[in-house]
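Trainee: Data: entry-v9.txt, compact mmCIF, C-alpha atoms.
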# COMPACT_ATOMS: atom_id res chain seq x y z
CA MET A 1 -3.39 24.76 -3.69
CA THR A 2 -1.52 21.53 -3.34
CA GLU A 3 -3.64 18.55 -2.42
CA ARG A 4 -2.26 16.03 0.03
CA GLN A 5 -2.67 12.32 -0.33
CA ARG A 6 -2.01 9.24 1.76
CA VAL A 7 0.61 6.90 0.39
CA ARG A 8 1.88 3.51 1.52
CA LEU A 9 5.28 2.35 0.34
CA ILE A 10 7.65 -0.41 1.34
CA VAL A 11 11.01 1.28 1.63
CA ASN A 12 14.02 -0.93 2.32
CA GLY A 13 11.74 -3.64 3.70
CA GLN A 14 9.79 -1.36 6.02
CA GLU A 15 6.25 -0.27 5.45
CA ARG A 16 5.76 3.49 5.56
CA LYS A 17 2.47 5.38 5.52
CA GLU A 18 2.49 9.11 5.09
CA GLU A 19 0.39 11.97 3.91
CA ILE A 20 2.32 13.80 1.22
CA PRO A 21 1.65 16.41 -1.47
CA SER A 22 0.01 14.75 -4.49
CA GLY A 23 2.60 15.83 -7.00
CA MET A 24 5.62 14.84 -4.90
CA SER A 25 8.18 12.84 -6.84
CA LEU A 26 9.51 9.60 -5.44
CA LEU A 27 12.92 11.30 -5.27
CA ASP A 28 11.64 14.11 -3.03
CA TYR A 29 9.69 11.60 -0.97
CA LEU A 30 12.75 9.46 -0.34
CA ARG A 31 14.94 12.41 0.60
CA ASP A 32 12.51 14.69 2.44
CA GLU A 33 10.11 12.22 4.07
CA ALA A 34 12.15 9.03 4.39
CA THR A 35 15.45 10.92 4.94
CA LEU A 36 17.35 8.55 2.69
CA PHE A 37 20.08 10.88 1.48
CA SER A 38 21.91 8.32 -0.61
CA VAL A 39 19.33 9.12 -3.27
CA LYS A 40 20.84 12.13 -5.01
CA THR A 41 19.07 14.96 -6.79
CA GLY A 42 20.79 15.42 -10.13
CA CYS A 43 19.12 16.51 -13.34
CA ARG A 44 15.48 15.84 -12.36
CA VAL A 45 14.67 14.92 -15.96
CA GLY A 46 15.53 11.22 -16.02
CA TYR A 47 18.92 11.59 -17.61
CA CYS A 48 21.75 11.44 -15.10
CA GLY A 49 20.71 8.47 -12.94
CA ALA A 50 21.96 9.92 -9.63
CA CYS A 51 18.47 9.26 -8.21
CA THR A 52 18.38 5.59 -9.25
CA VAL A 53 16.53 3.27 -6.86
CA LEU A 54 15.20 -0.24 -7.28
CA LEU A 55 11.45 -0.56 -7.76
CA ASP A 56 10.51 -4.22 -7.31
CA ASP A 57 14.13 -5.10 -8.23
CA LEU A 58 14.19 -2.96 -11.39
CA PRO A 59 16.38 0.16 -11.60
CA VAL A 60 14.32 3.31 -12.18
CA HIS A 61 14.89 7.06 -12.01
CA SER A 62 13.07 8.17 -8.85
CA CYS A 63 12.83 11.75 -10.18
CA CYS A 64 10.56 10.56 -12.99
CA LEU A 65 7.98 8.90 -10.77
CA LEU A 66 5.35 10.29 -8.46
CA ALA A 67 5.43 8.75 -5.00
CA VAL A 68 1.69 7.99 -5.20
CA GLN A 69 2.28 6.29 -8.56
CA VAL A 70 4.23 3.45 -6.92
CA GLU A 71 1.79 2.95 -4.02
CA GLY A 72 2.27 -0.37 -2.28
CA ARG A 73 5.45 -1.29 -4.17
CA ARG A 74 8.94 -2.16 -2.90
CA ILE A 75 11.62 0.52 -3.05
CA GLU A 76 15.26 -0.20 -2.32
CA THR A 77 18.11 2.25 -1.82
CA VAL A 78 21.76 1.99 -0.78
CA GLU A 79 20.59 2.25 2.86
CA GLY A 80 18.78 -1.08 2.53
CA ASP A 81 20.46 -4.34 3.40
CA GLY A 82 20.43 -5.89 -0.08
CA LEU A 83 23.22 -8.44 -0.51
CA GLU A 84 23.95 -7.23 -4.01
CA VAL A 85 24.15 -3.64 -2.79
CA ALA A 86 26.82 -4.69 -0.28
CA ALA A 87 28.63 -6.70 -2.95
CA CYS A 88 28.69 -3.65 -5.21
CA GLN A 89 29.85 -1.37 -2.39
CA ASN A 90 32.77 -3.72 -1.68
CA ALA A 91 33.60 -4.09 -5.35
CA PHE A 92 33.54 -0.30 -5.87
CA ALA A 93 35.97 0.13 -2.97
CA ALA A 94 38.21 -2.74 -4.09
CA ASN A 95 38.38 -1.38 -7.63
CA ASN A 96 38.88 2.28 -6.63
CA ALA A 97 35.79 3.09 -8.64
CA VAL A 98 34.77 6.16 -6.64
CA GLN A 99 35.97 9.66 -7.50
CA CYS A 100 33.80 12.58 -6.37
CA GLY A 101 31.14 10.07 -5.38
CA PHE A 102 27.97 11.90 -6.37
CA CYS A 103 26.89 9.38 -9.00
CA ILE A 104 27.94 6.35 -6.96
CA PRO A 105 24.71 5.56 -5.03
CA GLY A 106 22.88 5.50 -8.36
CA MET A 107 25.65 3.45 -9.95
CA ILE A 108 25.51 0.99 -7.03
CA MET A 109 21.76 0.54 -7.38
CA SER A 110 22.06 -0.06 -11.12
CA GLY A 111 24.96 -2.40 -10.44
CA ALA A 112 22.93 -4.20 -7.76
CA ALA A 113 20.09 -4.71 -10.23
CA ALA A 114 22.55 -6.24 -12.68
CA THR A 115 24.21 -8.38 -10.00
CA ARG A 116 20.87 -9.67 -8.71
CA ARG A 117 20.04 -11.06 -12.13
CA HIS A 118 23.60 -12.16 -13.05
CA VAL A 119 23.33 -10.49 -16.43
CA SER A 120 25.81 -10.64 -19.30
CA GLU A 121 28.61 -8.14 -19.83
CA GLU A 122 26.60 -6.52 -22.60
CA GLU A 123 23.59 -6.09 -20.30
CA VAL A 124 25.78 -4.57 -17.58
CA ARG A 125 26.88 -1.95 -20.10
CA ASP A 126 23.27 -1.41 -21.07
CA ILE A 127 22.07 -0.98 -17.48
CA LEU A 128 24.89 1.47 -16.70
CA LEU A 129 23.70 3.61 -19.63
CA GLY A 130 21.16 5.04 -17.22
CA ASN A 131 23.88 6.58 -15.02
CA ILE A 132 26.23 9.42 -15.86
CA CYS A 133 29.55 9.99 -14.05
CA ARG A 134 30.82 13.55 -14.39
CA CYS A 135 34.30 12.48 -13.33
CA GLY A 136 34.32 10.07 -16.25
CA GLY A 137 35.24 7.08 -14.12
CA TYR A 138 33.29 4.67 -16.28
CA SER A 139 35.89 2.00 -16.90
CA ARG A 140 36.54 1.40 -13.18
CA ILE A 141 32.85 1.56 -12.37
CA PHE A 142 32.18 -0.99 -15.08
CA LYS A 143 35.01 -3.18 -13.75
CA ALA A 144 33.60 -2.96 -10.23
CA VAL A 145 30.09 -3.91 -11.31
CA MET A 146 31.47 -6.81 -13.34
CA ALA A 147 33.45 -7.96 -10.29
CA ALA A 148 30.32 -7.87 -8.13
CA ASN A 149 28.38 -9.57 -10.89
CA GLU A 150 30.88 -12.42 -11.01
CA GLY A 151 30.81 -12.72 -7.22
CA GLY A 152 34.43 -11.66 -6.88
CA ALA A 153 33.70 -8.66 -4.69
CA SER A 154 34.43 -9.84 -1.21
CA MET B 1 -3.18 19.18 -8.38
CA ILE B 2 -4.69 15.90 -7.30
CA VAL B 3 -3.65 12.42 -8.41
CA HIS B 4 -6.53 10.02 -8.98
CA THR B 5 -5.82 6.30 -8.94
CA PRO B 6 -9.07 4.76 -10.25
CA GLU B 7 -9.74 1.07 -9.61
CA THR B 8 -11.67 0.48 -12.80
CA LEU B 9 -11.47 1.67 -16.36
CA GLU B 10 -15.04 3.02 -16.14
CA GLU B 11 -14.00 5.20 -13.21
CA ALA B 12 -10.93 6.40 -15.15
CA LEU B 13 -13.06 7.27 -18.18
CA GLN B 14 -15.52 9.20 -16.03
CA LEU B 15 -12.69 11.15 -14.44
CA LYS B 16 -11.23 11.91 -17.86
CA GLN B 17 -14.60 13.14 -19.04
CA LYS B 18 -14.98 15.30 -15.94
CA TYR B 19 -11.57 16.96 -16.26
CA GLY B 20 -11.15 16.98 -20.04
CA SER B 21 -7.87 18.60 -21.05
CA ASP B 22 -7.24 19.62 -17.40
CA GLY B 23 -6.81 15.96 -16.46
CA LEU B 24 -3.70 14.24 -17.78
CA ILE B 25 -3.24 10.49 -18.00
CA LEU B 26 -0.30 8.91 -16.17
CA ALA B 27 0.96 5.54 -17.41
CA GLY B 28 4.70 5.11 -16.82
CA GLY B 29 5.34 8.76 -16.10
CA GLN B 30 8.62 9.01 -17.97
CA SER B 31 7.40 11.99 -19.98
CA LEU B 32 4.58 13.34 -17.84
CA VAL B 33 6.35 13.45 -14.47
CA VAL B 34 9.24 15.38 -16.04
CA LEU B 35 6.76 17.88 -17.50
CA LEU B 36 5.08 18.19 -14.08
CA GLN B 37 8.39 18.68 -12.29
CA GLN B 38 9.37 21.43 -14.70
CA ARG B 39 5.87 22.90 -14.49
CA LEU B 40 5.54 22.73 -18.25
CA ALA B 41 2.30 20.88 -17.51
CA GLN B 42 0.07 22.17 -14.71
CA PRO B 43 -3.08 20.08 -14.83
CA ASP B 44 -5.86 20.16 -12.22
CA ALA B 45 -5.66 16.40 -11.99
CA VAL B 46 -3.49 13.49 -12.96
CA ILE B 47 -5.36 10.25 -13.62
CA SER B 48 -3.02 7.34 -13.01
CA LEU B 49 -3.71 3.99 -14.66
CA GLN B 50 -1.51 2.15 -12.12
CA ARG B 51 -4.33 0.06 -10.63
CA LEU B 52 -5.78 -1.08 -13.95
CA ASN B 53 -3.98 -4.40 -14.11
CA GLY B 54 -5.95 -5.44 -17.19
CA LEU B 55 -3.92 -2.88 -19.12
CA ARG B 56 -0.68 -4.71 -18.28
CA GLU B 57 -1.60 -7.66 -20.48
CA ILE B 58 -0.25 -8.70 -23.85
CA ARG B 59 -2.85 -10.74 -25.77
CA ILE B 60 -2.09 -12.64 -28.93
CA ASN B 61 -5.20 -13.94 -30.61
CA GLY B 62 -5.04 -13.46 -34.35
CA MET B 63 -3.98 -9.90 -33.61
CA VAL B 64 -1.42 -8.76 -31.07
CA GLU B 65 -2.91 -6.46 -28.46
CA MET B 66 -0.78 -4.68 -25.87
CA GLY B 67 -2.43 -2.81 -22.99
CA ALA B 68 -1.51 0.78 -22.23
CA MET B 69 0.52 -0.19 -19.16
CA VAL B 70 2.88 -2.58 -20.98
CA THR B 71 6.35 -1.13 -20.57
CA MET B 72 8.99 -0.89 -23.23
CA ALA B 73 11.16 -3.26 -21.18
CA GLN B 74 8.36 -5.84 -21.31
CA ALA B 75 7.85 -5.35 -25.05
CA THR B 76 11.56 -5.97 -25.56
CA ALA B 77 11.85 -8.96 -23.24
CA ASP B 78 8.55 -10.73 -23.98
CA GLU B 79 9.32 -13.86 -26.03
CA ARG B 80 5.99 -13.68 -27.85
CA ILE B 81 6.52 -10.09 -28.94
CA ARG B 82 10.04 -10.96 -30.10
CA GLN B 83 8.45 -13.67 -32.24
CA VAL B 84 5.44 -11.86 -33.67
CA ALA B 85 6.76 -8.29 -33.80
CA PRO B 86 10.56 -8.27 -33.82
CA ALA B 87 10.53 -4.73 -35.22
CA LEU B 88 8.74 -3.43 -32.12
CA ALA B 89 10.85 -5.47 -29.68
CA ARG B 90 14.02 -4.17 -31.34
CA VAL B 91 13.00 -0.52 -31.28
CA CYS B 92 11.69 -0.62 -27.70
CA GLY B 93 15.09 -1.97 -26.63
CA ILE B 94 17.03 1.12 -27.68
CA VAL B 95 14.89 3.86 -26.17
CA ALA B 96 16.87 6.00 -23.70
CA SER B 97 18.17 3.79 -20.85
CA PRO B 98 16.88 0.63 -19.13
CA HIS B 99 15.74 2.84 -16.25
CA VAL B 100 13.35 4.68 -18.54
CA ARG B 101 12.23 1.53 -20.36
CA ASN B 102 11.41 -0.17 -17.04
CA MET B 103 8.62 2.37 -16.44
CA GLY B 104 7.87 3.98 -19.81
CA THR B 105 5.06 2.37 -21.77
CA VAL B 106 4.67 1.86 -25.51
CA VAL B 107 1.20 3.44 -25.63
CA GLY B 108 2.18 6.27 -23.28
CA ASN B 109 5.14 7.01 -25.49
CA ALA B 110 2.83 7.22 -28.51
CA CYS B 111 0.43 9.55 -26.68
CA HIS B 112 3.28 11.88 -25.81
CA ALA B 113 3.86 12.17 -29.59
CA GLU B 114 7.45 13.32 -29.29
CA PRO B 115 8.89 13.54 -32.84
CA GLY B 116 12.31 12.19 -31.80
CA SER B 117 10.83 9.08 -30.24
CA ASP B 118 11.57 5.58 -31.60
CA PRO B 119 8.63 3.20 -30.99
CA PRO B 120 6.25 5.16 -33.29
CA GLN B 121 8.34 4.12 -36.30
CA ALA B 122 7.84 0.44 -35.42
CA LEU B 123 4.12 1.03 -34.91
CA LEU B 124 3.96 2.70 -38.33
CA LEU B 125 5.78 -0.23 -39.97
CA LEU B 126 3.34 -2.66 -38.35
CA ASP B 127 0.27 -0.59 -39.41
CA ALA B 128 -0.78 -0.59 -35.75
CA GLU B 129 -3.95 0.93 -34.36
CA ILE B 130 -4.45 2.60 -30.99
CA ARG B 131 -7.65 2.09 -29.01
CA ALA B 132 -9.18 5.34 -27.75
CA GLU B 133 -11.84 4.87 -25.10
CA SER B 134 -14.21 7.35 -23.53
CA VAL B 135 -17.57 7.23 -21.79
CA ARG B 136 -19.01 7.65 -25.30
CA GLY B 137 -17.52 4.39 -26.49
CA GLN B 138 -14.33 3.26 -28.19
CA ARG B 139 -12.62 3.59 -31.54
CA TRP B 140 -9.42 2.32 -33.11
CA ILE B 141 -7.18 5.02 -34.56
CA PRO B 142 -4.60 3.94 -37.18
CA VAL B 143 -1.17 5.20 -36.11
CA SER B 144 -0.83 6.93 -39.48
CA GLU B 145 -3.58 9.28 -38.19
CA PHE B 146 -2.73 9.11 -34.49
CA PHE B 147 0.31 11.39 -34.58
CA VAL B 148 -1.02 14.85 -35.38
CA SER B 149 1.77 17.24 -34.55
CA PHE B 150 4.53 18.02 -32.06
CA LEU B 151 3.36 16.54 -28.70
CA GLN B 152 -0.15 16.23 -30.08
CA SER B 153 -2.09 13.04 -30.71
CA ALA B 154 -5.48 12.46 -32.29
CA LEU B 155 -7.07 11.70 -28.91
CA GLU B 156 -10.11 13.79 -28.01
CA GLU B 157 -10.21 15.58 -24.65
CA ASP B 158 -12.29 12.87 -22.99
CA GLU B 159 -10.44 9.90 -24.49
CA ILE B 160 -7.87 7.58 -22.94
CA ALA B 161 -5.61 5.42 -25.10
CA THR B 162 -5.97 1.96 -23.57
CA ALA B 163 -4.20 -0.38 -25.98
CA VAL B 164 -2.33 -0.80 -29.23
CA ARG B 165 -2.97 -3.66 -31.64
CA PHE B 166 -1.42 -4.91 -34.86
CA ARG B 167 -1.18 -8.01 -37.01
CA ALA B 168 1.81 -10.26 -36.49
CA GLN B 169 4.75 -8.96 -38.49
CA PRO B 170 4.72 -10.55 -41.96
CA ALA B 171 7.59 -12.81 -43.06
CA GLY B 172 10.63 -10.83 -44.14
CA ALA B 173 13.09 -8.74 -42.18
CA ASP B 174 13.37 -5.39 -40.46
CA THR B 175 15.97 -2.96 -39.22
CA TYR B 176 16.14 0.32 -37.35
CA ILE B 177 18.85 2.94 -37.58
CA LYS B 178 18.92 5.60 -34.89
CA HIS B 179 21.07 8.71 -35.12
CA ARG B 180 21.61 10.38 -31.76
CA SER B 181 24.31 12.50 -30.24
CA ARG B 182 24.53 10.52 -26.98
CA MET B 183 23.29 7.02 -26.24
CA MET B 184 20.40 8.17 -24.05
CA ASP B 185 19.14 10.91 -26.33
CA LEU B 186 16.10 11.08 -28.53
CA ALA B 187 16.66 10.29 -32.17
CA ILE B 188 17.88 13.12 -34.36
CA VAL B 189 16.53 10.89 -37.09
CA GLY B 190 15.30 7.31 -36.65
CA ILE B 191 14.68 5.18 -39.73
CA GLY B 192 12.74 1.93 -39.62
CA ALA B 193 12.72 -0.31 -42.68
CA MET B 194 10.95 -3.58 -43.33
CA LEU B 195 11.01 -6.09 -46.16
CA VAL B 196 7.77 -8.04 -46.53
CA LYS B 197 7.79 -11.31 -48.44
CA GLU B 198 4.69 -11.39 -50.64
CA ALA B 199 2.91 -14.47 -52.06
CA SER B 200 4.86 -14.19 -55.33
CA GLY B 201 8.11 -14.66 -53.41
CA LYS B 202 9.11 -11.08 -54.17
CA PHE B 203 9.38 -8.39 -51.51
CA SER B 204 7.62 -5.13 -50.81
CA VAL B 205 9.28 -2.40 -48.75
CA ARG B 206 8.01 -0.34 -45.82
CA LEU B 207 9.87 2.77 -44.65
CA ALA B 208 9.16 4.90 -41.58
CA SER B 209 11.07 7.92 -40.30
CA GLY B 210 10.94 9.88 -37.07
CA GLY B 211 12.66 13.08 -35.99
CA VAL B 212 11.96 14.58 -39.40
CA GLY B 213 9.14 16.98 -38.64
CA PRO B 214 6.20 17.44 -36.30
CA ARG B 215 5.22 13.78 -36.70
CA PRO B 216 6.70 10.46 -37.82
CA LEU B 217 5.97 9.49 -41.42
CA ARG B 218 5.80 6.48 -43.74
CA ALA B 219 7.33 7.06 -47.19
CA SER B 220 4.18 5.69 -48.81
CA ALA B 221 4.68 7.09 -52.32
CA THR B 222 8.23 5.71 -52.48
CA GLU B 223 7.03 2.37 -51.13
CA SER B 224 4.36 1.96 -53.81
CA GLU B 225 6.70 3.15 -56.53
CA ILE B 226 9.15 0.38 -55.59
CA GLY B 227 6.40 -2.24 -55.80
CA LEU B 228 7.46 -5.88 -55.67
CA ARG B 229 11.12 -6.69 -56.14
CA THR B 230 13.69 -9.39 -55.56
CA PRO B 231 16.36 -8.71 -52.93
CA THR B 232 18.95 -8.44 -55.73
CA ASP B 233 16.92 -5.71 -57.43
CA LEU B 234 16.36 -3.90 -54.15
CA ALA B 235 20.04 -3.99 -53.30
CA ALA B 236 20.80 -2.44 -56.68
CA MET B 237 18.09 0.22 -56.17
CA ALA B 238 19.02 1.04 -52.55
CA ALA B 239 20.81 4.31 -53.30
CA ASP B 240 18.02 5.49 -55.58
CA ILE B 241 15.36 4.57 -53.01
CA GLY B 242 17.33 6.55 -50.41
CA PHE B 243 17.13 9.69 -52.56
CA LYS B 244 13.44 9.20 -53.28
CA ALA B 245 12.54 8.60 -49.63
CA ALA B 246 14.48 11.71 -48.57
CA GLU B 247 12.65 13.78 -51.22
CA GLU B 248 9.30 12.42 -50.10
CA ILE B 249 9.88 12.79 -46.35
CA ASN B 250 11.59 16.17 -46.88
CA PRO B 251 12.38 16.90 -43.21
CA THR B 252 11.23 20.24 -41.83
CA LEU B 253 12.58 19.84 -38.30
CA SER B 254 15.62 22.00 -37.55
CA ASP B 255 17.17 22.27 -34.10
CA GLY B 256 20.45 22.35 -32.21
CA PHE B 257 21.14 18.73 -33.16
CA GLY B 258 20.80 19.20 -36.89
CA SER B 259 19.32 21.32 -39.65
CA SER B 260 16.51 20.03 -41.84
CA GLY B 261 19.06 19.61 -44.63
CA TYR B 262 21.24 17.45 -42.41
CA ARG B 263 18.21 15.36 -41.45
CA LYS B 264 17.32 14.93 -45.10
CA LYS B 265 20.79 13.56 -45.75
CA LEU B 266 20.39 11.21 -42.77
CA VAL B 267 17.10 9.91 -44.18
CA GLN B 268 18.72 9.31 -47.55
CA VAL B 269 21.82 7.57 -46.26
CA SER B 270 20.04 5.52 -43.56
CA THR B 271 17.38 4.32 -45.98
CA ARG B 272 20.09 3.14 -48.37
CA ARG B 273 22.03 1.43 -45.59
CA SER B 274 18.89 -0.21 -44.16
CA LEU B 275 17.96 -1.70 -47.53
CA THR B 276 21.49 -2.89 -48.17
CA THR B 277 21.62 -4.58 -44.75
CA LEU B 278 18.18 -6.14 -45.19
CA CYS B 279 18.97 -7.46 -48.67
CA GLN B 280 22.17 -9.04 -47.38
CA GLN B 281 20.05 -11.17 -45.08
CA PHE B 282 18.60 -12.72 -48.22
CA GLY B 283 21.92 -13.60 -49.75
CA THR B 284 22.63 -10.61 -51.99
CA VAL B 285 25.98 -8.92 -51.71
Just give me the structure as structure tokens.

Mentor:
Amino acid sequence: MTERQRVRLIVNGQERKEEIPSGMSLLDYLRDEATLFSVKTGCRVGYCGACTVLLDDLPVHSCCLLAVQVEGRRIETVEGDGLEVAACQNAFAANNAVQCGFCIPGMIMSGAAATRRHVSEEEVRDILLGNICRCGGYSRIFKAVMAANEGGAS
Amino acid sequence: MIVHTPETLEEALQLKQKYGSDGLILAGGQSLVVLLQQRLAQPDAVISLQRLNGLREIRINGMVEMGAMVTMAQATADERIRQVAPALARVCGIVASPHVRNMGTVVGNACHAEPGSDPPQALLLLDAEIRAESVRGQRWIPVSEFFVSFLQSALEEDEIATAVRFRAQPAGADTYIKHRSRMMDLAIVGIGAMLVKEASGKFSVRLASGGVGPRPLRASATESEIGLRTPTDLAAMAADIGFKAAEEINPTLSDGFGSSGYRKKLVQVSTRRSLTTLCQQFGTV
């Protein structure tokens, strides 16, 4: 039998309290309970990065976390109104960085994490390691994130 | 399955004693949550250490002590760790991707005892010890005894690993060579090497390899056979040491990424290269 547990999370700036199954991953929570469909279900083993969200400003794989494990912490997705998220969205459009689009929400969140901290080119490459693009559009994605990072997006 | 989020360590230890092997400890979750999702692990309870903020601390007081909730990202970024244990900071910085390192913890990684993991090699080089606590008391387990077999640590059923400690890295130099098929993968073979400057001014060598068998290993016999040497001597002996280390480690692990013979060759070549690189730092060509 699956136990249910109360959980309180701050999702995109709004406090949410729900009773959810104990073993529910943050990914399933965000999609099924919070109906934030920008968070994509990819590999479910912490490899592809399609489920990337920001946890207290750090990019993490939401499939590899239990929702109850991050009780009380701040979660941010593409649906949120983060300035860096918007900057990345604009930069991705301006640089034609989107192909099929499945990996893009994850890429944007990783890119937003990089942009928020104004990291070096090397660190941008490092952060994007956590996201796989099946279309192979890495060079444009990298260019877009660098553009957002340098504030040249808008 | 129920997830417990105890407020105190005592409470966590009592829960662990109550559930035994049916209660699994959750630190960063980067290994455990995947196992839960795939139903490879189906415990009655998960005991999360998320509220135990004391375990997030890094204390440097003669010895370096890192709590069980210190993430690999912290170990890499923390200025003090970079100073006193560059080998650990380096290795923690190349595990999987930043996403994983932001949650995954050094101690949790050790408890998972995955042979292809990287941080254990640094812990072996530093002669670290892991603190195992239970309602019965606590003990420090040397990492050389902590890794027992594939996904199996020396922790008893009622024990929780709460910290890792080690002496500051001795003067010298260190390097880590990781062979992997893709950047985010586990190591096919990971070789850590360290030169330690002894009182005489000569150097001793420490060698650790992961991905070679059910557990990571130090090449202790080879290390003591080398004894104390100058960097020039070591550079000249590098190829020979590579062969000896490969013979001693003698990898048994064979999988889709490489046969045991291939891994043996990797140990040999990487050991040689590590020593050559390290010796160059001391002015030998």

Trainee: Hey, list the chain A side of the contact with chain B: 6 Å cut-off, only C-alpha atoms, answer as a compact mmCIF listing (two decimals) with C-alpha atoms, keeping the file's coordinate frame.

Mentor:
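Result file is out33.txt:
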# COMPACT_ATOMS: atom_id res chain seq x y z
CA THR A 2 -1.52 21.53 -3.34
CA GLU A 3 -3.64 18.55 -2.42
CA SER A 22 0.01 14.75 -4.49
CA VAL A 45 14.67 14.92 -15.96
CA PRO A 59 16.38 0.16 -11.60
CA VAL A 60 14.32 3.31 -12.18
CA CYS A 64 10.56 10.56 -12.99
CA LEU A 65 7.98 8.90 -10.77
CA ILE A 127 22.07 -0.98 -17.48
CA LEU A 129 23.70 3.61 -19.63
CA GLY A 130 21.16 5.04 -17.22

Trainee: Using only the atoms of region 162-173 of chain B listed in the file, plus 6 Å on each side, state the axis-aligned box centre and edge lengths in Å rounded to one decimal, as lines of an AutoDock Vina configuration file.

Mentor:
center_x = 3.6
center_y = -5.4
center_z = -33.9
size_x = 31.1
size_y = 26.8
size_z = 32.6

Trainee: Any idea what the distance is between CA of Gly111 (chain A) and CA of Glu84 (chain A)?

Mentor: 8.1 Å

Trainee: In Å, with one decimal, what is the gap from CA of Leu27 (chain A) to CA of Lys40 (chain A)?

Mentor: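 One can read the CA of Leu27 (chain A) to CA of Lys40 (chain A) distance as 8.0 Å.
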
Trainee: Excluding Phe150 (chain B) and its own-chain neighbours fewer than 2 positions away, which residues fall within 10 Å of it when counting all atoms listed in the file? Please give them as an MDAnalysis selection string.

Mentor: chainID B and resid 112:116 147:148 152:153 213:216

Trainee: Mind pulling up the distance from CA of Val205 (chain B) to CA of Thr222 (chain B)?

Mentor: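 These two atoms are separated by 9.0 Å.
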
Trainee: Between A:Val39, A:Ala97, A:Cys88, A:Cys51, which one has atoms that come closest to Arg140 (chain A), using all atoms listed in the file?

Mentor: A:Ala97

Trainee: May I have the residues within 6 Å of region 238-247 of chain B as JSON, numbers by chain, using all atoms listed in the file and disregarding those fewer than 4 positions away in the same chain?

Mentor: {"B": [219, 222, 234, 264, 267, 268, 271, 272, 275]}

Trainee: Rank B:Ala68, B:Leu124, B:Val189, B:Cys111 by their smallest atom-to-atom distance to Leu151 (chain B), using only C-alpha atoms, and report the top residue only.

Mentor: B:Cys111

Trainee: Just give me the residues with any atom within 9 Å of (20.2, 10.0, -13.0), file coordinates, counting all atoms listed in the file, written as JSON, numbers by chain.

Mentor: {"A": [40, 41, 42, 43, 44, 45, 46, 47, 48, 49, 50, 51, 52, 60, 61, 62, 63, 103, 106, 130, 131, 132]}
